[in-house]
Amino acid sequence: MNTAPTPYAVPLPPASGAWREGDPSGHRRWHTRRTPLALEAGGELPGVRLAFETWGRLAPDRSNAVLVPHALTGDSHAAGPAGPGHPSPGWWDGLIGAGRALDTDRWFVVAPNVLGGCQGSTGPSSARPDGRRWGGAFPFLTQRDQVAAEAGLADELGIERWALVAGGSMGGMRALEWAVTYPERTDALLLLATAAAASAEQIAWASAQLHAIRADPYWRGGDYHDAGPGRGPHTGLGLARRLAHVTYRSEPELAVRFGRRPQGAEDPWHGGRYQVESYLDHHAAKLVRRFDAGSYVTLAEAMNSHDIGRGRGGTRAALRRVTARTLVAGVGSDRLYPPSQQAELAAGIPAADGVRPIDSPYGHDGFLIETEQVAALVRELLG
Ligand SMILES: CC(=O)SCCNC(=O)CCNC(=O)[C@H](O)C(C)(C)COP(=O)(O)OP(=O)(O)OC[C@H]1O[C@@H](n2cnc3c(N)ncnc32)[C@H](O)[C@@H]1OP(=O)(O)O
Ligand SMILES: N[C@@H](CCO)C(=O)O
């Protein structure tokens with residue numbers, strides 16, 4: 001396995017003002033909540049901070065704000081080029097910018113790093129009020145807690161209503177929570193490759209990933225952040241990413257793209273790898289370099305908690321609360337969030353009109369890759 005411990009690369013909590021330094025986009029800022037966040041599971045989280053990036057200008061009447069919540073391992077860098085602090089271009093760069101579907105000459109686009117994450121927002125790698133890292137003491141979060149934190153950010157920015165909330169996968173879970181918790185603040189809603197509740201199968205895949213991380217001897221109950229370079233649960237996180245990444249792609253794609261071919265001159269019968277193994281190694285190493293295992297655990301557990309009907313009289317009653325103009329789309333080849341889940345959403349949300357298909361061989365990751373098809377949906381919703 002190609003998961004030699006790499007230098008531990010979780011960004012340290014920025015000193016006040018430092019976050020903008022070295023940020024090529026110049027858009028990233030953060031918001032610190034003045035009061036502790038009351039958590040759905042009980043207790044509260046003090047000192048909540050959300051890193052976020054914005055593009056465009058908020059109109060004087062504040063009617064042009066668009067929220068784009070990211071998926072599991074995304075961050076606030078939804079648009080813009082790669083550079084220091086951003087190993088990849090923005091995850092929806094094809095969608096956001098002047099002349100693009102989310103035209104930043106017209107719309108004010110806001111992308112927060114999710115609460116519990118590791119790219120500037122408060123998470124397990126952040127410092128507690130006493131200066132020590134949270135580590136394994138970081139509290140259990142739900143999607144509703146994360147949306148409550150985002151509502152605090154919206155309040156701070158003076159945004160009473162979103163012209164659109166658009167998200168896929170875990171971002172779609174939060175988009176849906178926005179529309180159900182705050183129907184009066186969500187004018188339009190785009191749900192991509194997401195679900196009303198995490199299914200048994202989704203929980204099962206996440207569970208295997210959580211076990212992989214927690215079985216790493218460097219996990220140490222989540223208290224590894226100050227153990228020194230290379231002494232974090234990188235092997236476990238890499239395993240989790242391999243497991244997850246297979247579920248993000250489709251069987252036909254892997255068959256066509258890699259087949260049974262060996263990687264270069266490697267011989268799989270004598271210790272070498274197949275191409276697809278090398279591909280998974282690459283994605284594992286790439287995530288380990290940029291993501292914190294503790295955040296992965298927190299966010300995966302929050303996804304498992306997702307159930308829009310909890311405490312609201314069930315799924316159908318919760319979905320009926322949505323007043324936003326809504327489009328629901330799914331990727332036909334998505335084996336992780338199958339089209340039946342989007343059909344349930346579309347059937348339950350009053351203004352949704354069936355499920356729009358995203359045609360893609362790439363499976364679940366289609367919502368990140370097929371930006372032209374997603375752009376068409378955004379244009380339809382925003383008129
Ligand atoms: C800060 C950030 O990184 S942005 C965060 C936002 N990212 C996310 O939200 C999701 C994380 N990323 C992903 O899920 C996916 O990479 C996507 C969906 C964004 C992109 O998918 P695709 O464009 O289809 O990329 P794909 O899965 O083909 O992977 C391409 C990579 O695999 C590598 N690769 C392909 N074949 C092989 C192989 N046989 N062996 C090793 N590496 C391989 C390519 O060289 C390429 O490397 P690079 O990304 O470092 O340039
Ligand atoms: N590739 C995406 C899929 C999760 O929805 C991610 O890592 O965030």
# chains A, B, ... in the order shown; residues from 1 in each chain; ligands from 1
>>> closest_atom_pairs(of="stretch 356-380 of chain A", to="stretch 101-122 of chain A", cutoff="9 Å", atoms="only C-alpha atoms", output="Markdown table")
| residue | atom | partner | partner_atom | distance |
| --- | --- | --- | --- | --- |
| A:Glu372 | CA | A:Ala101 | CA | 8.8 |
| A:Val374 | CA | A:Ala101 | CA | 8.8 |
| A:Ala375 | CA | A:Ala101 | CA | 5.2 |
| A:Ala376 | CA | A:Ala101 | CA | 7.4 |
| A:Leu377 | CA | A:Ala101 | CA | 8.9 |
| A:Val378 | CA | A:Ala101 | CA | 6.3 |
| A:Arg379 | CA | A:Ala101 | CA | 5.8 |
>>> write_last_selection(atoms="N, CA, C and O atoms", output="PDB file, in the first residue's frame")
ATOM      1  N   GLU A 372     -21.418  21.715 -17.199  1.00  0.00           N
ATOM      2  CA  GLU A 372     -22.294  22.341 -18.204  1.00  0.00           C
ATOM      3  C   GLU A 372     -23.750  21.961 -17.959  1.00  0.00           C
ATOM      4  O   GLU A 372     -24.655  22.793 -18.099  1.00  0.00           O
ATOM      5  N   VAL A 374     -25.011  21.041 -15.049  1.00  0.00           N
ATOM      6  CA  VAL A 374     -25.431  21.718 -13.816  1.00  0.00           C
ATOM      7  C   VAL A 374     -25.696  23.196 -14.104  1.00  0.00           C
ATOM      8  O   VAL A 374     -26.668  23.778 -13.605  1.00  0.00           O
ATOM      9  N   ALA A 375     -24.875  23.786 -14.973  1.00  0.00           N
ATOM     10  CA  ALA A 375     -25.054  25.201 -15.332  1.00  0.00           C
ATOM     11  C   ALA A 375     -26.423  25.415 -15.961  1.00  0.00           C
ATOM     12  O   ALA A 375     -27.108  26.411 -15.674  1.00  0.00           O
ATOM     13  N   ALA A 376     -26.856  24.483 -16.801  1.00  0.00           N
ATOM     14  CA  ALA A 376     -28.173  24.630 -17.449  1.00  0.00           C
ATOM     15  C   ALA A 376     -29.278  24.634 -16.396  1.00  0.00           C
ATOM     16  O   ALA A 376     -30.256  25.392 -16.507  1.00  0.00           O
ATOM     17  N   LEU A 377     -29.130  23.818 -15.370  1.00  0.00           N
ATOM     18  CA  LEU A 377     -30.144  23.781 -14.302  1.00  0.00           C
ATOM     19  C   LEU A 377     -30.150  25.094 -13.517  1.00  0.00           C
ATOM     20  O   LEU A 377     -31.203  25.630 -13.161  1.00  0.00           O
ATOM     21  N   VAL A 378     -28.955  25.599 -13.235  1.00  0.00           N
ATOM     22  CA  VAL A 378     -28.847  26.876 -12.507  1.00  0.00           C
ATOM     23  C   VAL A 378     -29.512  27.991 -13.316  1.00  0.00           C
ATOM     24  O   VAL A 378     -30.307  28.794 -12.780  1.00  0.00           O
ATOM     25  N   ARG A 379     -29.235  28.018 -14.626  1.00  0.00           N
ATOM     26  CA  ARG A 379     -29.821  29.074 -15.480  1.00  0.00           C
ATOM     27  C   ARG A 379     -31.350  28.973 -15.482  1.00  0.00           C
ATOM     28  O   ARG A 379     -32.052  29.985 -15.442  1.00  0.00           O
TER      29      ARG A 379
END
>>> closest_atom_pairs(of="chain A", to="ligand 2", cutoff="8 Å", atoms="only C-alpha atoms and all ligand atoms", output="tab-separated table")
residue	atom	partner	partner_atom_place_in_ligand_line	distance
A:His70	CA	ligand 2	8 (O)	7.3
A:Ala71	CA	ligand 2	8 (O)	4.3
A:Leu72	CA	ligand 2	8 (O)	3.9
A:Thr73	CA	ligand 2	8 (O)	3.9
A:Gly74	CA	ligand 2	8 (O)	5.0
A:Gly168	CA	ligand 2	5 (O)	6.9
A:Ser169	CA	ligand 2	5 (O)	4.6
A:Met170	CA	ligand 2	5 (O)	5.9
A:Gly171	CA	ligand 2	5 (O)	7.8
A:His245	CA	ligand 2	1 (N)	7.0
A:Tyr248	CA	ligand 2	3 (C)	6.0
A:His364	CA	ligand 2	3 (C)	6.8
A:Asp365	CA	ligand 2	1 (N)	5.5
A:Leu368	CA	ligand 2	1 (N)	7.5
>>> write_last_selection(atoms="N, CA, C and O atoms", output="PDB file, in the first residue's frame")
ATOM      1  N   HIS A  70     -20.506  23.021   0.144  1.00  0.00           N
ATOM      2  CA  HIS A  70     -19.667  22.011  -0.531  1.00  0.00           C
ATOM      3  C   HIS A  70     -19.940  20.600  -0.029  1.00  0.00           C
ATOM      4  O   HIS A  70     -20.586  20.391   1.005  1.00  0.00           O
ATOM      5  N   ALA A  71     -19.395  19.629  -0.743  1.00  0.00           N
ATOM      6  CA  ALA A  71     -19.543  18.212  -0.404  1.00  0.00           C
ATOM      7  C   ALA A  71     -18.480  17.797   0.627  1.00  0.00           C
ATOM      8  O   ALA A  71     -17.716  18.630   1.134  1.00  0.00           O
ATOM      9  N   LEU A  72     -18.397  16.505   0.887  1.00  0.00           N
ATOM     10  CA  LEU A  72     -17.619  16.000   2.027  1.00  0.00           C
ATOM     11  C   LEU A  72     -16.198  16.553   2.112  1.00  0.00           C
ATOM     12  O   LEU A  72     -15.788  17.039   3.168  1.00  0.00           O
ATOM     13  N   THR A  73     -15.440  16.449   1.048  1.00  0.00           N
ATOM     14  CA  THR A  73     -14.038  16.876   1.156  1.00  0.00           C
ATOM     15  C   THR A  73     -13.770  18.162   0.382  1.00  0.00           C
ATOM     16  O   THR A  73     -12.624  18.469   0.079  1.00  0.00           O
ATOM     17  N   GLY A  74     -14.827  18.896   0.072  1.00  0.00           N
ATOM     18  CA  GLY A  74     -14.637  20.200  -0.556  1.00  0.00           C
ATOM     19  C   GLY A  74     -14.262  21.240   0.482  1.00  0.00           C
ATOM     20  O   GLY A  74     -13.970  20.936   1.650  1.00  0.00           O
ATOM     21  N   GLY A 168     -24.593  19.649  -3.972  1.00  0.00           N
ATOM     22  CA  GLY A 168     -24.629  18.238  -4.318  1.00  0.00           C
ATOM     23  C   GLY A 168     -24.128  17.390  -3.172  1.00  0.00           C
ATOM     24  O   GLY A 168     -23.316  17.827  -2.359  1.00  0.00           O
ATOM     25  N   SER A 169     -24.636  16.165  -3.079  1.00  0.00           N
ATOM     26  CA  SER A 169     -24.171  15.208  -2.080  1.00  0.00           C
ATOM     27  C   SER A 169     -24.349  15.790  -0.680  1.00  0.00           C
ATOM     28  O   SER A 169     -25.431  16.234  -0.321  1.00  0.00           O
ATOM     29  N   MET A 170     -23.277  15.875   0.126  1.00  0.00           N
ATOM     30  CA  MET A 170     -23.405  16.466   1.459  1.00  0.00           C
ATOM     31  C   MET A 170     -23.812  17.939   1.357  1.00  0.00           C
ATOM     32  O   MET A 170     -24.547  18.456   2.220  1.00  0.00           O
ATOM     33  N   GLY A 171     -23.363  18.624   0.301  1.00  0.00           N
ATOM     34  CA  GLY A 171     -23.799  20.011   0.085  1.00  0.00           C
ATOM     35  C   GLY A 171     -25.293  20.073  -0.192  1.00  0.00           C
ATOM     36  O   GLY A 171     -25.969  21.029   0.182  1.00  0.00           O
ATOM     37  N   HIS A 245     -13.829   6.530  -2.725  1.00  0.00           N
ATOM     38  CA  HIS A 245     -13.672   6.953  -4.118  1.00  0.00           C
ATOM     39  C   HIS A 245     -14.279   5.928  -5.083  1.00  0.00           C
ATOM     40  O   HIS A 245     -14.836   6.318  -6.121  1.00  0.00           O
ATOM     41  N   TYR A 248     -17.733   6.720  -5.473  1.00  0.00           N
ATOM     42  CA  TYR A 248     -17.983   7.991  -6.174  1.00  0.00           C
ATOM     43  C   TYR A 248     -17.955   7.824  -7.701  1.00  0.00           C
ATOM     44  O   TYR A 248     -18.288   8.762  -8.424  1.00  0.00           O
ATOM     45  N   HIS A 364     -21.374   9.183  -8.977  1.00  0.00           N
ATOM     46  CA  HIS A 364     -21.708  10.249  -8.027  1.00  0.00           C
ATOM     47  C   HIS A 364     -20.913  11.535  -8.298  1.00  0.00           C
ATOM     48  O   HIS A 364     -21.438  12.634  -8.196  1.00  0.00           O
ATOM     49  N   ASP A 365     -19.641  11.416  -8.634  1.00  0.00           N
ATOM     50  CA  ASP A 365     -18.823  12.607  -8.900  1.00  0.00           C
ATOM     51  C   ASP A 365     -19.316  13.405 -10.105  1.00  0.00           C
ATOM     52  O   ASP A 365     -18.810  14.508 -10.366  1.00  0.00           O
ATOM     53  N   LEU A 368     -19.946  17.062  -9.725  1.00  0.00           N
ATOM     54  CA  LEU A 368     -18.778  17.949  -9.733  1.00  0.00           C
ATOM     55  C   LEU A 368     -18.184  18.089 -11.134  1.00  0.00           C
ATOM     56  O   LEU A 368     -17.579  19.109 -11.458  1.00  0.00           O
TER      57      LEU A 368
END
>>> closest_atom_pairs(of="chain A", to="ligand 1", cutoff="9 Å", atoms="only C-alpha atoms and all ligand atoms", output="JSON lines")
{"residue": "A:His70", "atom": "CA", "partner": "ligand 1", "partner_atom_place_in_ligand_line": "9 (O)", "distance": 6.9}
{"residue": "A:Ala71", "atom": "CA", "partner": "ligand 1", "partner_atom_place_in_ligand_line": "9 (O)", "distance": 5.7}
{"residue": "A:Leu72", "atom": "CA", "partner": "ligand 1", "partner_atom_place_in_ligand_line": "9 (O)", "distance": 6.7}
{"residue": "A:Thr73", "atom": "CA", "partner": "ligand 1", "partner_atom_place_in_ligand_line": "9 (O)", "distance": 5.0}
{"residue": "A:Gly74", "atom": "CA", "partner": "ligand 1", "partner_atom_place_in_ligand_line": "9 (O)", "distance": 3.6}
{"residue": "A:Asp75", "atom": "CA", "partner": "ligand 1", "partner_atom_place_in_ligand_line": "5 (C)", "distance": 5.7}
{"residue": "A:Ser76", "atom": "CA", "partner": "ligand 1", "partner_atom_place_in_ligand_line": "5 (C)", "distance": 8.4}
{"residue": "A:His77", "atom": "CA", "partner": "ligand 1", "partner_atom_place_in_ligand_line": "4 (S)", "distance": 6.8}
{"residue": "A:Ala78", "atom": "CA", "partner": "ligand 1", "partner_atom_place_in_ligand_line": "6 (C)", "distance": 7.6}
{"residue": "A:Ala82", "atom": "CA", "partner": "ligand 1", "partner_atom_place_in_ligand_line": "1 (C)", "distance": 8.2}
{"residue": "A:Gly85", "atom": "CA", "partner": "ligand 1", "partner_atom_place_in_ligand_line": "1 (C)", "distance": 7.7}
{"residue": "A:His86", "atom": "CA", "partner": "ligand 1", "partner_atom_place_in_ligand_line": "1 (C)", "distance": 5.1}
{"residue": "A:Pro87", "atom": "CA", "partner": "ligand 1", "partner_atom_place_in_ligand_line": "3 (O)", "distance": 5.2}
{"residue": "A:Ser88", "atom": "CA", "partner": "ligand 1", "partner_atom_place_in_ligand_line": "3 (O)", "distance": 4.5}
{"residue": "A:Pro89", "atom": "CA", "partner": "ligand 1", "partner_atom_place_in_ligand_line": "4 (S)", "distance": 6.4}
{"residue": "A:Gly90", "atom": "CA", "partner": "ligand 1", "partner_atom_place_in_ligand_line": "4 (S)", "distance": 6.0}
{"residue": "A:Trp91", "atom": "CA", "partner": "ligand 1", "partner_atom_place_in_ligand_line": "6 (C)", "distance": 4.7}
{"residue": "A:Trp92", "atom": "CA", "partner": "ligand 1", "partner_atom_place_in_ligand_line": "6 (C)", "distance": 8.4}
{"residue": "A:Gln119", "atom": "CA", "partner": "ligand 1", "partner_atom_place_in_ligand_line": "1 (C)", "distance": 8.6}
{"residue": "A:His245", "atom": "CA", "partner": "ligand 1", "partner_atom_place_in_ligand_line": "14 (O)", "distance": 7.3}
{"residue": "A:Tyr248", "atom": "CA", "partner": "ligand 1", "partner_atom_place_in_ligand_line": "14 (O)", "distance": 7.4}
{"residue": "A:Arg249", "atom": "CA", "partner": "ligand 1", "partner_atom_place_in_ligand_line": "27 (O)", "distance": 8.0}
{"residue": "A:Arg257", "atom": "CA", "partner": "ligand 1", "partner_atom_place_in_ligand_line": "36 (N)", "distance": 8.4}
{"residue": "A:Phe258", "atom": "CA", "partner": "ligand 1", "partner_atom_place_in_ligand_line": "39 (N)", "distance": 7.3}
{"residue": "A:Pro262", "atom": "CA", "partner": "ligand 1", "partner_atom_place_in_ligand_line": "39 (N)", "distance": 8.6}
{"residue": "A:Gln263", "atom": "CA", "partner": "ligand 1", "partner_atom_place_in_ligand_line": "39 (N)", "distance": 6.0}
{"residue": "A:Gly264", "atom": "CA", "partner": "ligand 1", "partner_atom_place_in_ligand_line": "39 (N)", "distance": 8.3}
{"residue": "A:Tyr274", "atom": "CA", "partner": "ligand 1", "partner_atom_place_in_ligand_line": "39 (N)", "distance": 7.9}
{"residue": "A:Gln275", "atom": "CA", "partner": "ligand 1", "partner_atom_place_in_ligand_line": "39 (N)", "distance": 4.2}
{"residue": "A:Val276", "atom": "CA", "partner": "ligand 1", "partner_atom_place_in_ligand_line": "39 (N)", "distance": 5.8}
{"residue": "A:Glu277", "atom": "CA", "partner": "ligand 1", "partner_atom_place_in_ligand_line": "40 (N)", "distance": 7.3}
{"residue": "A:Ser278", "atom": "CA", "partner": "ligand 1", "partner_atom_place_in_ligand_line": "40 (N)", "distance": 4.1}
{"residue": "A:Tyr279", "atom": "CA", "partner": "ligand 1", "partner_atom_place_in_ligand_line": "40 (N)", "distance": 3.7}
{"residue": "A:Leu280", "atom": "CA", "partner": "ligand 1", "partner_atom_place_in_ligand_line": "41 (C)", "distance": 7.1}
{"residue": "A:Asp281", "atom": "CA", "partner": "ligand 1", "partner_atom_place_in_ligand_line": "41 (C)", "distance": 6.8}
{"residue": "A:His282", "atom": "CA", "partner": "ligand 1", "partner_atom_place_in_ligand_line": "42 (N)", "distance": 4.9}
{"residue": "A:His283", "atom": "CA", "partner": "ligand 1", "partner_atom_place_in_ligand_line": "32 (O)", "distance": 6.6}
{"residue": "A:Lys286", "atom": "CA", "partner": "ligand 1", "partner_atom_place_in_ligand_line": "50 (O)", "distance": 7.0}
{"residue": "A:Leu287", "atom": "CA", "partner": "ligand 1", "partner_atom_place_in_ligand_line": "3 (O)", "distance": 7.6}
{"residue": "A:Arg290", "atom": "CA", "partner": "ligand 1", "partner_atom_place_in_ligand_line": "1 (C)", "distance": 7.0}
{"residue": "A:Phe291", "atom": "CA", "partner": "ligand 1", "partner_atom_place_in_ligand_line": "1 (C)", "distance": 8.7}
{"residue": "A:Tyr362", "atom": "CA", "partner": "ligand 1", "partner_atom_place_in_ligand_line": "24 (O)", "distance": 7.1}
{"residue": "A:His364", "atom": "CA", "partner": "ligand 1", "partner_atom_place_in_ligand_line": "18 (C)", "distance": 8.6}
{"residue": "A:Asp365", "atom": "CA", "partner": "ligand 1", "partner_atom_place_in_ligand_line": "18 (C)", "distance": 4.9}
{"residue": "A:Gly366", "atom": "CA", "partner": "ligand 1", "partner_atom_place_in_ligand_line": "18 (C)", "distance": 7.1}
{"residue": "A:Phe367", "atom": "CA", "partner": "ligand 1", "partner_atom_place_in_ligand_line": "18 (C)", "distance": 8.0}
{"residue": "A:Leu368", "atom": "CA", "partner": "ligand 1", "partner_atom_place_in_ligand_line": "18 (C)", "distance": 5.3}
{"residue": "A:Ile369", "atom": "CA", "partner": "ligand 1", "partner_atom_place_in_ligand_line": "18 (C)", "distance": 5.7}
>>> write_last_selection(atoms="N, CA and C atoms", output="short mmCIF file (atom, residue, chain, number, x, y, z; two decimals), in the first residue's frame")
data_model
loop_
_atom_site.label_atom_id
_atom_site.label_comp_id
_atom_site.auth_asym_id
_atom_site.auth_seq_id
_atom_site.Cartn_x
_atom_site.Cartn_y
_atom_site.Cartn_z
N HIS A 70 -20.51 23.02 0.14
CA HIS A 70 -19.67 22.01 -0.53
C HIS A 70 -19.94 20.60 -0.03
N ALA A 71 -19.39 19.63 -0.74
CA ALA A 71 -19.54 18.21 -0.40
C ALA A 71 -18.48 17.80 0.63
N LEU A 72 -18.40 16.51 0.89
CA LEU A 72 -17.62 16.00 2.03
C LEU A 72 -16.20 16.55 2.11
N THR A 73 -15.44 16.45 1.05
CA THR A 73 -14.04 16.88 1.16
C THR A 73 -13.77 18.16 0.38
N GLY A 74 -14.83 18.90 0.07
CA GLY A 74 -14.64 20.20 -0.56
C GLY A 74 -14.26 21.24 0.48
N ASP A 75 -14.28 22.49 0.04
CA ASP A 75 -13.94 23.59 0.95
C ASP A 75 -14.55 24.86 0.40
N SER A 76 -14.12 26.00 0.93
CA SER A 76 -14.73 27.26 0.50
C SER A 76 -14.25 27.71 -0.88
N HIS A 77 -13.26 27.01 -1.44
CA HIS A 77 -12.71 27.44 -2.73
C HIS A 77 -13.55 26.86 -3.87
N ALA A 78 -14.75 27.40 -4.03
CA ALA A 78 -15.66 26.89 -5.06
C ALA A 78 -15.26 27.38 -6.45
N ALA A 82 -6.11 27.26 -9.00
CA ALA A 82 -5.24 26.62 -8.01
C ALA A 82 -4.14 27.59 -7.64
N GLY A 85 -2.22 27.23 -1.03
CA GLY A 85 -3.42 27.05 -0.20
C GLY A 85 -4.56 26.40 -0.95
N HIS A 86 -4.45 26.32 -2.27
CA HIS A 86 -5.49 25.68 -3.08
C HIS A 86 -4.83 24.75 -4.08
N PRO A 87 -4.64 23.45 -3.75
CA PRO A 87 -3.96 22.55 -4.69
C PRO A 87 -4.74 22.32 -5.97
N SER A 88 -6.04 22.60 -5.96
CA SER A 88 -6.86 22.41 -7.16
C SER A 88 -7.63 23.69 -7.44
N PRO A 89 -8.08 23.87 -8.70
CA PRO A 89 -8.98 25.00 -8.96
C PRO A 89 -10.27 24.79 -8.18
N GLY A 90 -11.08 25.83 -8.11
CA GLY A 90 -12.35 25.73 -7.40
C GLY A 90 -13.18 24.57 -7.90
N TRP A 91 -13.89 23.92 -6.97
CA TRP A 91 -14.60 22.68 -7.32
C TRP A 91 -15.80 22.92 -8.23
N TRP A 92 -16.31 24.16 -8.31
CA TRP A 92 -17.34 24.51 -9.31
C TRP A 92 -16.87 25.70 -10.12
N GLN A 119 -10.57 23.43 6.70
CA GLN A 119 -9.99 24.44 5.81
C GLN A 119 -10.39 25.83 6.30
N HIS A 245 -13.83 6.53 -2.73
CA HIS A 245 -13.67 6.95 -4.12
C HIS A 245 -14.28 5.93 -5.08
N TYR A 248 -17.73 6.72 -5.47
CA TYR A 248 -17.98 7.99 -6.17
C TYR A 248 -17.96 7.82 -7.70
N ARG A 249 -17.45 6.70 -8.16
CA ARG A 249 -17.33 6.51 -9.61
C ARG A 249 -18.20 5.32 -10.03
N ARG A 257 -11.91 2.68 -18.37
CA ARG A 257 -10.73 3.54 -18.17
C ARG A 257 -9.49 2.74 -17.78
N PHE A 258 -9.69 1.73 -16.93
CA PHE A 258 -8.53 1.00 -16.41
C PHE A 258 -8.51 -0.48 -16.78
N PRO A 262 -2.10 -3.37 -16.02
CA PRO A 262 -1.16 -3.05 -14.94
C PRO A 262 -0.71 -1.60 -15.03
N GLN A 263 -0.25 -1.07 -13.91
CA GLN A 263 0.26 0.30 -13.87
C GLN A 263 1.67 0.32 -14.45
N GLY A 264 1.84 0.96 -15.60
CA GLY A 264 3.16 1.06 -16.22
C GLY A 264 3.80 -0.31 -16.37
N TYR A 274 -2.30 -2.93 -10.34
CA TYR A 274 -3.13 -2.63 -11.49
C TYR A 274 -3.27 -1.10 -11.57
N GLN A 275 -3.65 -0.62 -12.77
CA GLN A 275 -3.81 0.84 -12.93
C GLN A 275 -4.83 1.40 -11.94
N VAL A 276 -5.93 0.65 -11.75
CA VAL A 276 -6.97 1.19 -10.88
C VAL A 276 -6.46 1.29 -9.43
N GLU A 277 -5.56 0.41 -9.05
CA GLU A 277 -5.00 0.50 -7.69
C GLU A 277 -4.12 1.75 -7.58
N SER A 278 -3.35 1.99 -8.63
CA SER A 278 -2.51 3.19 -8.63
C SER A 278 -3.36 4.46 -8.57
N TYR A 279 -4.46 4.43 -9.31
CA TYR A 279 -5.41 5.57 -9.32
C TYR A 279 -5.95 5.82 -7.92
N LEU A 280 -6.34 4.75 -7.23
CA LEU A 280 -6.86 4.92 -5.86
C LEU A 280 -5.75 5.39 -4.92
N ASP A 281 -4.54 4.86 -5.10
CA ASP A 281 -3.40 5.32 -4.29
C ASP A 281 -3.22 6.83 -4.46
N HIS A 282 -3.36 7.27 -5.72
CA HIS A 282 -3.16 8.70 -6.00
C HIS A 282 -4.21 9.54 -5.26
N HIS A 283 -5.47 9.12 -5.35
CA HIS A 283 -6.51 9.91 -4.69
C HIS A 283 -6.36 9.85 -3.17
N LYS A 286 -3.49 12.17 -2.23
CA LYS A 286 -3.87 13.57 -2.44
C LYS A 286 -4.77 14.07 -1.29
N LEU A 287 -5.68 13.22 -0.85
CA LEU A 287 -6.55 13.65 0.25
C LEU A 287 -5.77 13.75 1.56
N ARG A 290 -4.14 16.98 2.17
CA ARG A 290 -4.90 18.22 2.35
C ARG A 290 -6.03 18.13 3.36
N PHE A 291 -6.25 16.95 3.97
CA PHE A 291 -7.46 16.83 4.79
C PHE A 291 -7.15 16.21 6.13
N TYR A 362 -19.66 9.09 -14.97
CA TYR A 362 -18.72 9.19 -13.85
C TYR A 362 -19.32 8.87 -12.49
N HIS A 364 -21.37 9.18 -8.98
CA HIS A 364 -21.71 10.25 -8.03
C HIS A 364 -20.91 11.53 -8.30
N ASP A 365 -19.64 11.42 -8.63
CA ASP A 365 -18.82 12.61 -8.90
C ASP A 365 -19.32 13.40 -10.10
N GLY A 366 -20.32 12.87 -10.82
CA GLY A 366 -20.88 13.61 -11.96
C GLY A 366 -21.35 15.00 -11.59
N PHE A 367 -21.81 15.19 -10.35
CA PHE A 367 -22.32 16.53 -9.98
C PHE A 367 -21.18 17.55 -9.90
N LEU A 368 -19.95 17.06 -9.73
CA LEU A 368 -18.78 17.95 -9.73
C LEU A 368 -18.18 18.09 -11.13
N ILE A 369 -18.33 17.05 -11.95
CA ILE A 369 -17.63 17.01 -13.24
C ILE A 369 -18.48 17.61 -14.37
#
>>> closest_residue(among="A:Val66, A:Ile358, A:Leu237, A:Ala300", to="A:Ala198", atoms="only C-alpha atoms")
A:Ala300
>>> select_by_dssp(residues="stretch 81-285 of chain A", states="strand (DSSP E)", output="PyMOL selection string")
chain A and resi 96-97+102-103+108-112+164-168+188-192
>>> closest_atom_pairs(of="stretch 64-151 of chain A", to="stretch 309-312 of chain A", cutoff="12 Å", atoms="only C-alpha atoms", output="tab-separated table")
residue	atom	partner	partner_atom	distance
A:Thr142	CA	A:Arg310	CA	11.4
A:Gln143	CA	A:Arg310	CA	11.6
A:Arg144	CA	A:Arg310	CA	10.6
>>> atom_distance(atom1="atom CA of A:Trp162", atom2="atom CA of A:Trp178")
9.7 Å
